[in-house]
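Structure file data26.cif with mmCIF, C-alpha atoms:
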```cif
data_model
loop_
_atom_site.group_PDB
_atom_site.id
_atom_site.type_symbol
_atom_site.label_atom_id
_atom_site.label_comp_id
_atom_site.auth_asym_id
_atom_site.auth_seq_id
_atom_site.Cartn_x
_atom_site.Cartn_y
_atom_site.Cartn_z
ATOM 1 C CA MET A 175 7.156 -29.890 0.035
ATOM 2 C CA CYS A 176 3.460 -30.212 0.885
ATOM 3 C CA GLN A 177 0.656 -27.664 0.850
ATOM 4 C CA LEU A 178 -1.929 -26.822 3.502
ATOM 5 C CA LEU A 179 -5.525 -25.617 3.379
ATOM 6 C CA GLY A 180 -7.617 -24.579 6.359
ATOM 7 C CA MET A 181 -10.969 -22.925 6.957
ATOM 8 C CA ASN A 182 -12.390 -21.334 10.106
ATOM 9 C CA CYS A 183 -15.880 -19.781 10.097
ATOM 10 C CA ASN A 184 -18.463 -18.200 12.350
ATOM 11 C CA VAL A 185 -21.201 -20.402 10.849
ATOM 12 C CA PRO A 186 -20.999 -23.871 9.240
ATOM 13 C CA THR A 187 -19.760 -23.370 5.679
ATOM 14 C CA ASP A 188 -18.770 -25.689 2.840
ATOM 15 C CA ILE A 189 -15.274 -25.607 1.373
ATOM 16 C CA CYS A 190 -16.158 -26.910 -2.112
ATOM 17 C CA PHE A 191 -14.917 -23.845 -4.010
ATOM 18 C CA SER A 192 -11.574 -23.576 -2.226
ATOM 19 C CA PHE A 193 -10.999 -27.326 -2.331
ATOM 20 C CA ALA A 194 -11.650 -27.372 -6.098
ATOM 21 C CA GLY A 195 -8.630 -25.109 -6.565
ATOM 22 C CA PHE A 196 -6.561 -26.937 -3.961
ATOM 23 C CA GLN A 197 -7.327 -30.394 -5.344
ATOM 24 C CA VAL A 198 -5.786 -29.809 -8.777
ATOM 25 C CA ARG A 199 -2.483 -28.813 -7.190
ATOM 26 C CA GLY A 200 -2.142 -32.449 -6.172
ATOM 27 C CA GLY A 201 -0.563 -33.661 -9.406
ATOM 28 C CA ALA A 202 -2.122 -31.453 -12.100
ATOM 29 C CA THR A 203 -1.043 -27.809 -11.638
ATOM 30 C CA ASP A 204 1.644 -28.670 -9.064
ATOM 31 C CA VAL A 205 3.790 -31.607 -7.938
ATOM 32 C CA HIS A 206 2.093 -32.630 -4.668
ATOM 33 C CA SER A 207 0.993 -36.039 -5.905
ATOM 34 C CA ASP A 208 1.864 -38.311 -2.944
ATOM 35 C CA GLY A 209 -1.558 -38.373 -1.304
ATOM 36 C CA TRP A 210 -4.085 -35.998 0.176
ATOM 37 C CA GLY A 211 -6.588 -35.724 2.994
ATOM 38 C CA ILE A 212 -9.234 -33.492 4.493
ATOM 39 C CA ALA A 213 -10.981 -33.368 7.881
ATOM 40 C CA PHE A 214 -14.288 -31.691 8.747
ATOM 41 C CA PHE A 215 -15.465 -31.013 12.286
ATOM 42 C CA GLU A 216 -19.192 -31.488 12.824
ATOM 43 C CA GLY A 217 -20.120 -30.833 16.431
ATOM 44 C CA ARG A 218 -17.992 -33.218 18.500
ATOM 45 C CA GLY A 219 -17.571 -35.540 15.532
ATOM 46 C CA THR A 220 -14.978 -35.497 12.776
ATOM 47 C CA ARG A 221 -15.366 -36.635 9.181
ATOM 48 C CA VAL A 222 -11.974 -37.540 7.646
ATOM 49 C CA PHE A 223 -11.175 -38.490 4.041
ATOM 50 C CA LEU A 224 -7.684 -39.810 3.186
ATOM 51 C CA ASP A 225 -6.242 -41.169 -0.048
ATOM 52 C CA PRO A 226 -2.585 -41.929 -0.932
ATOM 53 C CA GLN A 227 -3.433 -41.289 -4.600
ATOM 54 C CA PRO A 228 -2.958 -37.865 -6.257
ATOM 55 C CA SER A 229 -5.871 -35.588 -5.379
ATOM 56 C CA CYS A 230 -6.192 -34.379 -8.980
ATOM 57 C CA SER A 231 -7.347 -37.848 -10.070
ATOM 58 C CA SER A 232 -8.789 -39.235 -6.819
ATOM 59 C CA PRO A 233 -12.474 -40.258 -6.960
ATOM 60 C CA VAL A 234 -12.655 -39.501 -3.234
ATOM 61 C CA ALA A 235 -11.431 -35.952 -3.868
ATOM 62 C CA ALA A 236 -14.021 -35.569 -6.605
ATOM 63 C CA LEU A 237 -16.669 -36.601 -4.067
ATOM 64 C CA VAL A 238 -15.464 -33.972 -1.592
ATOM 65 C CA CYS A 239 -15.580 -31.303 -4.322
ATOM 66 C CA SER A 240 -19.222 -32.091 -5.063
ATOM 67 C CA TYR A 241 -20.384 -32.852 -1.510
ATOM 68 C CA PRO A 242 -21.160 -29.616 0.405
ATOM 69 C CA ILE A 243 -20.196 -30.683 3.933
ATOM 70 C CA ARG A 244 -20.718 -27.679 6.206
ATOM 71 C CA SER A 245 -18.224 -27.150 8.991
ATOM 72 C CA GLU A 246 -16.795 -24.341 11.108
ATOM 73 C CA ASN A 247 -13.270 -25.824 11.011
ATOM 74 C CA VAL A 248 -11.637 -27.741 8.147
ATOM 75 C CA ILE A 249 -8.040 -28.873 7.577
ATOM 76 C CA ALA A 250 -6.750 -30.297 4.278
ATOM 77 C CA HIS A 251 -3.336 -31.359 2.975
ATOM 78 C CA ILE A 252 -1.699 -32.434 -0.272
ATOM 79 C CA ARG A 253 1.561 -34.304 0.118
ATOM 80 C CA LYS A 254 4.969 -34.249 -1.506
ATOM 81 C CA ALA A 255 6.722 -36.999 0.444
ATOM 82 C CA THR A 256 10.006 -36.263 2.251
ATOM 83 C CA GLN A 257 9.841 -38.888 5.028
ATOM 84 C CA GLY A 258 7.872 -42.129 4.922
ATOM 85 C CA LEU A 259 6.456 -44.174 2.081
ATOM 86 C CA VAL A 260 3.574 -43.009 -0.062
ATOM 87 C CA ALA A 261 0.963 -44.919 1.909
ATOM 88 C CA LEU A 262 -2.302 -44.377 3.712
ATOM 89 C CA GLU A 263 -0.696 -44.395 7.166
ATOM 90 C CA ASN A 264 1.538 -41.477 6.143
ATOM 91 C CA THR A 265 -1.266 -39.400 4.646
ATOM 92 C CA HIS A 266 -2.222 -36.152 6.397
ATOM 93 C CA PRO A 267 -4.151 -34.875 8.241
ATOM 94 C CA PHE A 268 -3.632 -37.000 11.346
ATOM 95 C CA MET A 269 -6.215 -37.433 14.110
ATOM 96 C CA ARG A 270 -5.899 -38.200 17.832
ATOM 97 C CA GLU A 271 -8.138 -37.800 20.898
ATOM 98 C CA LEU A 272 -7.245 -35.472 23.767
ATOM 99 C CA TRP A 273 -9.547 -34.227 26.563
ATOM 100 C CA GLY A 274 -12.524 -35.923 24.967
ATOM 101 C CA ARG A 275 -12.131 -34.093 21.641
ATOM 102 C CA CYS A 276 -10.715 -35.092 18.277
ATOM 103 C CA TRP A 277 -7.595 -33.144 17.312
ATOM 104 C CA ILE A 278 -6.544 -32.777 13.672
ATOM 105 C CA PHE A 279 -3.026 -31.878 12.512
ATOM 106 C CA ALA A 280 -1.413 -31.337 9.110
ATOM 107 C CA HIS A 281 2.192 -30.295 8.516
ATOM 108 C CA ASN A 282 4.239 -28.840 5.691
ATOM 109 C CA GLY A 283 7.979 -28.848 6.183
ATOM 110 C CA HIS A 284 10.860 -31.058 7.200
ATOM 111 C CA LEU A 285 12.078 -31.909 10.711
ATOM 112 C CA PRO A 286 15.004 -34.213 9.889
ATOM 113 C CA ASP A 287 16.500 -34.488 13.377
ATOM 114 C CA PHE A 288 13.323 -34.460 15.454
ATOM 115 C CA SER A 289 13.160 -37.750 17.347
ATOM 116 C CA PRO A 290 11.419 -36.929 20.639
ATOM 117 C CA THR A 291 10.966 -39.386 23.467
ATOM 118 C CA LEU A 292 7.332 -40.535 23.393
ATOM 119 C CA ASP A 293 5.778 -42.113 26.470
ATOM 120 C CA GLY A 294 3.203 -44.193 24.591
ATOM 121 C CA SER A 295 0.186 -41.992 25.214
ATOM 122 C CA PHE A 296 0.295 -40.871 21.583
ATOM 123 C CA THR A 297 2.092 -43.188 19.184
ATOM 124 C CA PRO A 298 2.803 -42.683 15.470
ATOM 125 C CA VAL A 299 1.274 -45.208 13.090
ATOM 126 C CA GLY A 300 3.358 -44.206 10.071
ATOM 127 C CA GLN A 301 6.930 -43.056 9.521
ATOM 128 C CA THR A 302 6.615 -39.303 9.014
ATOM 129 C CA ASP A 303 8.263 -36.555 11.020
ATOM 130 C CA SER A 304 4.886 -34.815 10.885
ATOM 131 C CA GLU A 305 3.044 -37.501 12.832
ATOM 132 C CA ARG A 306 5.868 -37.694 15.373
ATOM 133 C CA ALA A 307 5.619 -33.940 15.892
ATOM 134 C CA PHE A 308 1.844 -34.185 16.354
ATOM 135 C CA CYS A 309 2.134 -36.981 18.926
ATOM 136 C CA TRP A 310 4.801 -35.017 20.787
ATOM 137 C CA LEU A 311 2.688 -31.840 20.828
ATOM 138 C CA LEU A 312 -0.310 -33.633 22.317
ATOM 139 C CA GLN A 313 1.873 -35.514 24.810
ATOM 140 C CA GLU A 314 3.400 -32.233 26.004
ATOM 141 C CA LEU A 315 0.005 -30.551 26.267
ATOM 142 C CA ARG A 316 -1.388 -33.393 28.364
ATOM 143 C CA GLU A 317 1.717 -33.391 30.564
ATOM 144 C CA ARG A 318 1.319 -29.652 31.185
ATOM 145 C CA PHE A 319 -2.425 -29.550 31.787
ATOM 146 C CA GLY A 320 -3.350 -33.051 32.954
ATOM 147 C CA SER A 321 -6.845 -34.401 32.404
ATOM 148 C CA ARG A 322 -8.636 -31.046 32.115
ATOM 149 C CA PRO A 323 -8.336 -28.795 29.062
ATOM 150 C CA PRO A 324 -6.875 -25.334 29.661
ATOM 151 C CA SER A 325 -8.413 -22.044 28.642
ATOM 152 C CA ARG A 326 -7.842 -21.064 25.048
ATOM 153 C CA GLU A 327 -5.400 -18.375 26.174
ATOM 154 C CA ARG A 328 -3.269 -20.831 28.154
ATOM 155 C CA LEU A 329 -3.458 -23.328 25.293
ATOM 156 C CA PHE A 330 -2.183 -20.715 22.851
ATOM 157 C CA ASP A 331 0.675 -19.812 25.194
ATOM 158 C CA ALA A 332 1.676 -23.470 25.570
ATOM 159 C CA LEU A 333 1.539 -24.087 21.817
ATOM 160 C CA HIS A 334 3.691 -21.021 21.306
ATOM 161 C CA GLN A 335 6.385 -22.392 23.610
ATOM 162 C CA LEU A 336 6.272 -25.845 22.019
ATOM 163 C CA THR A 337 6.335 -24.420 18.499
ATOM 164 C CA LEU A 338 9.478 -22.471 19.345
ATOM 165 C CA GLU A 339 11.146 -25.823 19.943
ATOM 166 C CA LEU A 340 9.722 -27.383 16.791
ATOM 167 C CA GLY A 341 10.672 -24.399 14.676
ATOM 168 C CA ALA A 342 14.251 -24.653 15.854
ATOM 169 C CA ARG A 343 14.423 -28.164 14.344
ATOM 170 C CA GLY A 344 13.435 -27.223 10.776
ATOM 171 C CA ALA A 345 10.571 -26.051 8.596
ATOM 172 C CA CYS A 346 7.315 -26.465 10.474
ATOM 173 C CA ASN A 347 4.239 -24.943 8.853
ATOM 174 C CA TYR A 348 1.192 -26.550 10.442
ATOM 175 C CA LEU A 349 -2.568 -26.392 10.990
ATOM 176 C CA LEU A 350 -4.092 -27.734 14.214
ATOM 177 C CA SER A 351 -7.693 -27.801 15.440
ATOM 178 C CA ASN A 352 -9.926 -29.452 18.024
ATOM 179 C CA GLY A 353 -13.102 -28.178 16.373
ATOM 180 C CA ASP A 354 -13.441 -25.077 18.577
ATOM 181 C CA CYS A 355 -10.808 -22.946 16.838
ATOM 182 C CA LEU A 356 -7.916 -23.284 14.425
ATOM 183 C CA PHE A 357 -4.193 -22.742 15.074
ATOM 184 C CA ALA A 358 -1.873 -21.961 12.160
ATOM 185 C CA HIS A 359 1.894 -21.772 12.319
ATOM 186 C CA CYS A 360 3.834 -20.131 9.506
ATOM 187 C CA SER A 361 7.415 -21.301 9.504
ATOM 188 C CA THR A 362 8.260 -20.437 5.892
ATOM 189 C CA GLN A 363 5.089 -19.796 3.869
ATOM 190 C CA LEU A 364 1.392 -19.432 4.720
ATOM 191 C CA THR A 365 -1.305 -16.966 3.652
ATOM 192 C CA TYR A 366 -4.901 -16.208 4.594
ATOM 193 C CA ILE A 367 -7.953 -14.253 3.503
ATOM 194 C CA ILE A 368 -11.028 -13.120 5.446
ATOM 195 C CA ARG A 369 -14.266 -13.153 3.462
ATOM 196 C CA GLN A 370 -17.087 -11.080 4.912
ATOM 197 C CA ALA A 371 -19.681 -8.544 3.767
ATOM 198 C CA PRO A 372 -19.684 -6.994 1.257
ATOM 199 C CA PHE A 373 -19.036 -10.286 -0.553
ATOM 200 C CA ALA A 374 -17.760 -10.333 -4.133
ATOM 201 C CA VAL A 375 -16.873 -12.717 -6.962
ATOM 202 C CA ALA A 376 -13.782 -14.893 -6.482
ATOM 203 C CA HIS A 377 -11.858 -16.680 -9.260
ATOM 204 C CA LEU A 378 -9.502 -19.620 -8.751
ATOM 205 C CA ARG A 379 -5.870 -19.426 -9.848
ATOM 206 C CA ASP A 380 -5.551 -23.111 -10.746
ATOM 207 C CA GLN A 381 -8.661 -23.544 -12.869
ATOM 208 C CA ASP A 382 -11.235 -21.345 -14.573
ATOM 209 C CA LEU A 383 -13.888 -21.388 -11.862
ATOM 210 C CA SER A 384 -15.613 -18.448 -10.195
ATOM 211 C CA ILE A 385 -18.210 -17.999 -7.460
ATOM 212 C CA ASP A 386 -20.291 -15.004 -6.415
ATOM 213 C CA PHE A 387 -20.160 -15.255 -2.629
ATOM 214 C CA SER A 388 -22.896 -12.630 -2.254
ATOM 215 C CA ALA A 389 -25.333 -15.153 -3.719
ATOM 216 C CA VAL A 390 -24.487 -17.943 -1.258
ATOM 217 C CA THR A 391 -23.883 -16.093 2.026
ATOM 218 C CA THR A 392 -25.674 -13.868 4.522
ATOM 219 C CA PRO A 393 -24.394 -10.430 5.613
ATOM 220 C CA ASP A 394 -23.343 -11.867 8.984
ATOM 221 C CA ASP A 395 -21.151 -14.674 7.576
ATOM 222 C CA ARG A 396 -17.378 -14.511 8.051
ATOM 223 C CA VAL A 397 -14.909 -17.089 6.720
ATOM 224 C CA ALA A 398 -11.140 -17.319 7.098
ATOM 225 C CA VAL A 399 -9.323 -19.445 4.514
ATOM 226 C CA ILE A 400 -5.673 -20.327 5.128
ATOM 227 C CA ALA A 401 -3.506 -21.715 2.327
ATOM 228 C CA THR A 402 0.169 -22.221 1.614
ATOM 229 C CA VAL A 403 -0.259 -20.323 -1.666
ATOM 230 C CA PRO A 404 -3.282 -18.086 -2.428
ATOM 231 C CA LEU A 405 -6.083 -19.975 -4.136
ATOM 232 C CA THR A 406 -7.618 -17.048 -6.029
ATOM 233 C CA ASP A 407 -6.174 -14.460 -8.403
ATOM 234 C CA ASN A 408 -8.606 -11.568 -7.887
ATOM 235 C CA GLU A 409 -8.577 -11.221 -4.083
ATOM 236 C CA GLN A 410 -6.105 -9.712 -1.632
ATOM 237 C CA TRP A 411 -4.506 -12.423 0.517
ATOM 238 C CA THR A 412 -2.425 -11.645 3.605
ATOM 239 C CA THR A 413 1.023 -13.222 3.884
ATOM 240 C CA MET A 414 1.836 -14.393 7.398
ATOM 241 C CA PRO A 415 5.310 -13.425 8.632
ATOM 242 C CA PRO A 416 7.642 -16.430 8.702
ATOM 243 C CA GLY A 417 7.938 -17.559 12.301
ATOM 244 C CA SER A 418 4.466 -16.715 13.595
ATOM 245 C CA LEU A 419 1.680 -18.616 15.355
ATOM 246 C CA TRP A 420 -1.946 -17.608 14.735
ATOM 247 C CA LEU A 421 -5.265 -18.377 16.403
ATOM 248 C CA PHE A 422 -8.434 -18.171 14.293
ATOM 249 C CA GLU A 423 -11.872 -18.008 15.894
ATOM 250 C CA GLY A 424 -15.218 -17.193 14.323
ATOM 251 C CA GLY A 425 -13.683 -16.613 10.901
ATOM 252 C CA ALA A 426 -10.978 -14.142 11.974
ATOM 253 C CA PRO A 427 -7.446 -14.107 13.439
ATOM 254 C CA VAL A 428 -7.750 -13.142 17.121
ATOM 255 C CA ARG A 429 -4.188 -13.715 18.359
ATOM 256 C CA HIS A 430 -0.757 -14.057 16.814
ATOM 257 C CA ARG A 431 2.756 -14.186 18.188
ATOM 258 C CA LEU A 432 6.233 -14.569 16.745
ATOM 259 C CA THR A 433 7.890 -17.967 17.055
ATOM 260 C CA VAL A 434 11.409 -16.847 16.272
ATOM 261 C CA ALA A 435 13.838 -16.947 19.156
ATOM 262 C CA ALA A 436 15.048 -13.371 18.631
ATOM 263 C CA ALA A 437 11.761 -11.806 19.737
ATOM 264 C CA ALA A 438 8.425 -12.888 21.129
ATOM 265 C CA PRO A 439 6.206 -9.795 21.568
ATOM 266 C CA ASN A 440 2.802 -9.752 23.160
ATOM 267 C CA SER A 441 -0.094 -11.145 21.164
ATOM 268 C CA SER A 442 -2.304 -8.823 19.206
#
```

Rewritten as structure tokens:
Amino acid sequence: MCQLLGMNCNVPTDICFSFAGFQVRGGATDVHSDGWGIAFFEGRGTRVFLDPQPSCSSPVAALVCSYPIRSENVIAHIRKATQGLVALENTHPFMRELWGRCWIFAHNGHLPDFSPTLDGSFTPVGQTDSERAFCWLLQELRERFGSRPPSRERLFDALHQLTLELGARGACNYLLSNGDCLFAHCSTQLTYIIRQAPFAVAHLRDQDLSIDFSAVTTPDDRVAVIATVPLTDNEQWTTMPPGSLWLFEGGAPVRHRLTVAAAAPNSS
């Protein structure tokens, strides 16, 4: 299946180091060679790069690695196709507008029997189950809240209810953001790390590259990096419990809740 990469920060930060390790998994150190994409939020704007070619050999991916775009929320994806052709229209992450903001979504998993009724407000361009799920999520959110965005707490609660339904249909790891915060759902596998003072040296697992974060940060910086599989081999990553929805704000997880039907305790 695919792999996900996300970043949520309290100050605009570049993702060059993490993406350098992620990029080579797209056809070099791993099998996810059916396209890749990355989206950066910059204020109310969104900069999106997509390529149906393997990220390990994509000139566009090489540009992203060397171009320090600073953002507080980033979502990236490398694809191993299960539904839909290897084509640009099926390349994650996907983008739609809701409540005057761009929303970005990337999915890792398989929803073989998910064919929701869509009313035309959000319509898939490609053939993936992932894009159908994204359009359905936004359609349901707009139906619940109308033309005005809800509070972040009510939004989290609604996403939790909708993700319960998605999770019952199959594997549904996803990252979702509107530029203000980042939602992460672990269905089967997802990890994260919080980098904050005192910063140390990090070394990538997939290539021999290190960075001393103390030399490129301030003591007040805080960065959360979310990845399907840990990107570094000398840091302690946290494994999210399968069946859990997380909200990241300001470089830290601020809410999480189980998305398994057996139990749904209060957020922490």

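A straight line drawn from CA of Thr187 (chain A) to CA of Gly353 (chain A) is 13.5 Å long.
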
Could you work out an axis-aligned bounding box for all listed atoms of region 276-291 of chain A, with 8 Å added on each of the six sides, and give its centre and edge lengths in Å to one decimal, as JSON?
```
{"center_x": 2.9, "center_y": -34.1, "center_z": 14.6, "size_x": 43.2, "size_y": 26.5, "size_z": 33.8}
```

Quiz item: Distance CA of Leu237 (chain A)-CA of His251 (chain A), one decimal place?
Solution: 16.0 Å

Quiz prompt | Residues within 9 Å of region 324-338 of chain A, only C-alpha atoms, excluding chain neighbours under 3 positions, as a PyMOL selection string | solution = chain A and resi 311+314-315+318-319+341-342+346+355+357+359+417-421+429+431-435

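The residue set within 10 Å of Gly217 (chain A), counting all atoms listed in the file and dropping same-chain residues fewer than 6 places from it, reads Ser245, Glu246, Gly353 and Asp354 of chain A.
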
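Shortest atom-to-atom contact with Leu262 (chain A) among A:Ser321, A:Thr391, A:Thr402, A:Gln227: A:Gln227, counting all atoms listed in the file.
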
Self-check item: Shell around Asn352 (chain A) at 8 Å using all atoms listed in the file, local window under 5 positions removed, as number ranges by chain
Solution: A: 275-278

Quiz item: Of the residues A:Val198, A:Val234, A:Leu340, A:Val397, which is the one nearest to Gly425 (chain A), using all atoms listed in the file?
Solution: A:Val397

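With distances taken over all atoms listed in the file, A:Gln197 is the one residue among A:Gln177, A:Asn182, A:Ser231, A:Gln197 lying closest to Gln381 (chain A).
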
Self-check item: Contacts of Ala401 (chain A) at 7 Å (only C-alpha atoms; same-chain gap of 2+ positions) as a list of chain:residue names
Solution: A:Leu178, A:Leu179, A:Gly180, A:Leu364, A:Thr365, A:Tyr366, A:Val399, A:Val403, A:Pro404

Practice problem: Evaluate the PyMOL selection byres ((chain A and resi 236) around 12) here and jot the selected residues down as a list in words. | Solution: Cys190, Phe193, Ala194, Gly195, Phe196, Gln197, Val198, Phe223, Asp225, Pro228, Ser229, Cys230, Ser231, Ser232, Pro233, Val234, Ala235, Leu237, Val238, Cys239, Ser240, Tyr241 and Pro242 of chain A

Kindly export the residues of the current selection with C-alpha atoms, as a CSV table (one decimal), in the frame of the given file.
```csv
chain,number,residue,atom,x,y,z
A,190,CYS,CA,-16.2,-26.9,-2.1
A,193,PHE,CA,-11.0,-27.3,-2.3
A,194,ALA,CA,-11.6,-27.4,-6.1
A,195,GLY,CA,-8.6,-25.1,-6.6
A,196,PHE,CA,-6.6,-26.9,-4.0
A,197,GLN,CA,-7.3,-30.4,-5.3
A,198,VAL,CA,-5.8,-29.8,-8.8
A,223,PHE,CA,-11.2,-38.5,4.0
A,225,ASP,CA,-6.2,-41.2,0.0
A,228,PRO,CA,-3.0,-37.9,-6.3
A,229,SER,CA,-5.9,-35.6,-5.4
A,230,CYS,CA,-6.2,-34.4,-9.0
A,231,SER,CA,-7.3,-37.8,-10.1
A,232,SER,CA,-8.8,-39.2,-6.8
A,233,PRO,CA,-12.5,-40.3,-7.0
A,234,VAL,CA,-12.7,-39.5,-3.2
A,235,ALA,CA,-11.4,-36.0,-3.9
A,237,LEU,CA,-16.7,-36.6,-4.1
A,238,VAL,CA,-15.5,-34.0,-1.6
A,239,CYS,CA,-15.6,-31.3,-4.3
A,240,SER,CA,-19.2,-32.1,-5.1
A,241,TYR,CA,-20.4,-32.9,-1.5
A,242,PRO,CA,-21.2,-29.6,0.4
```
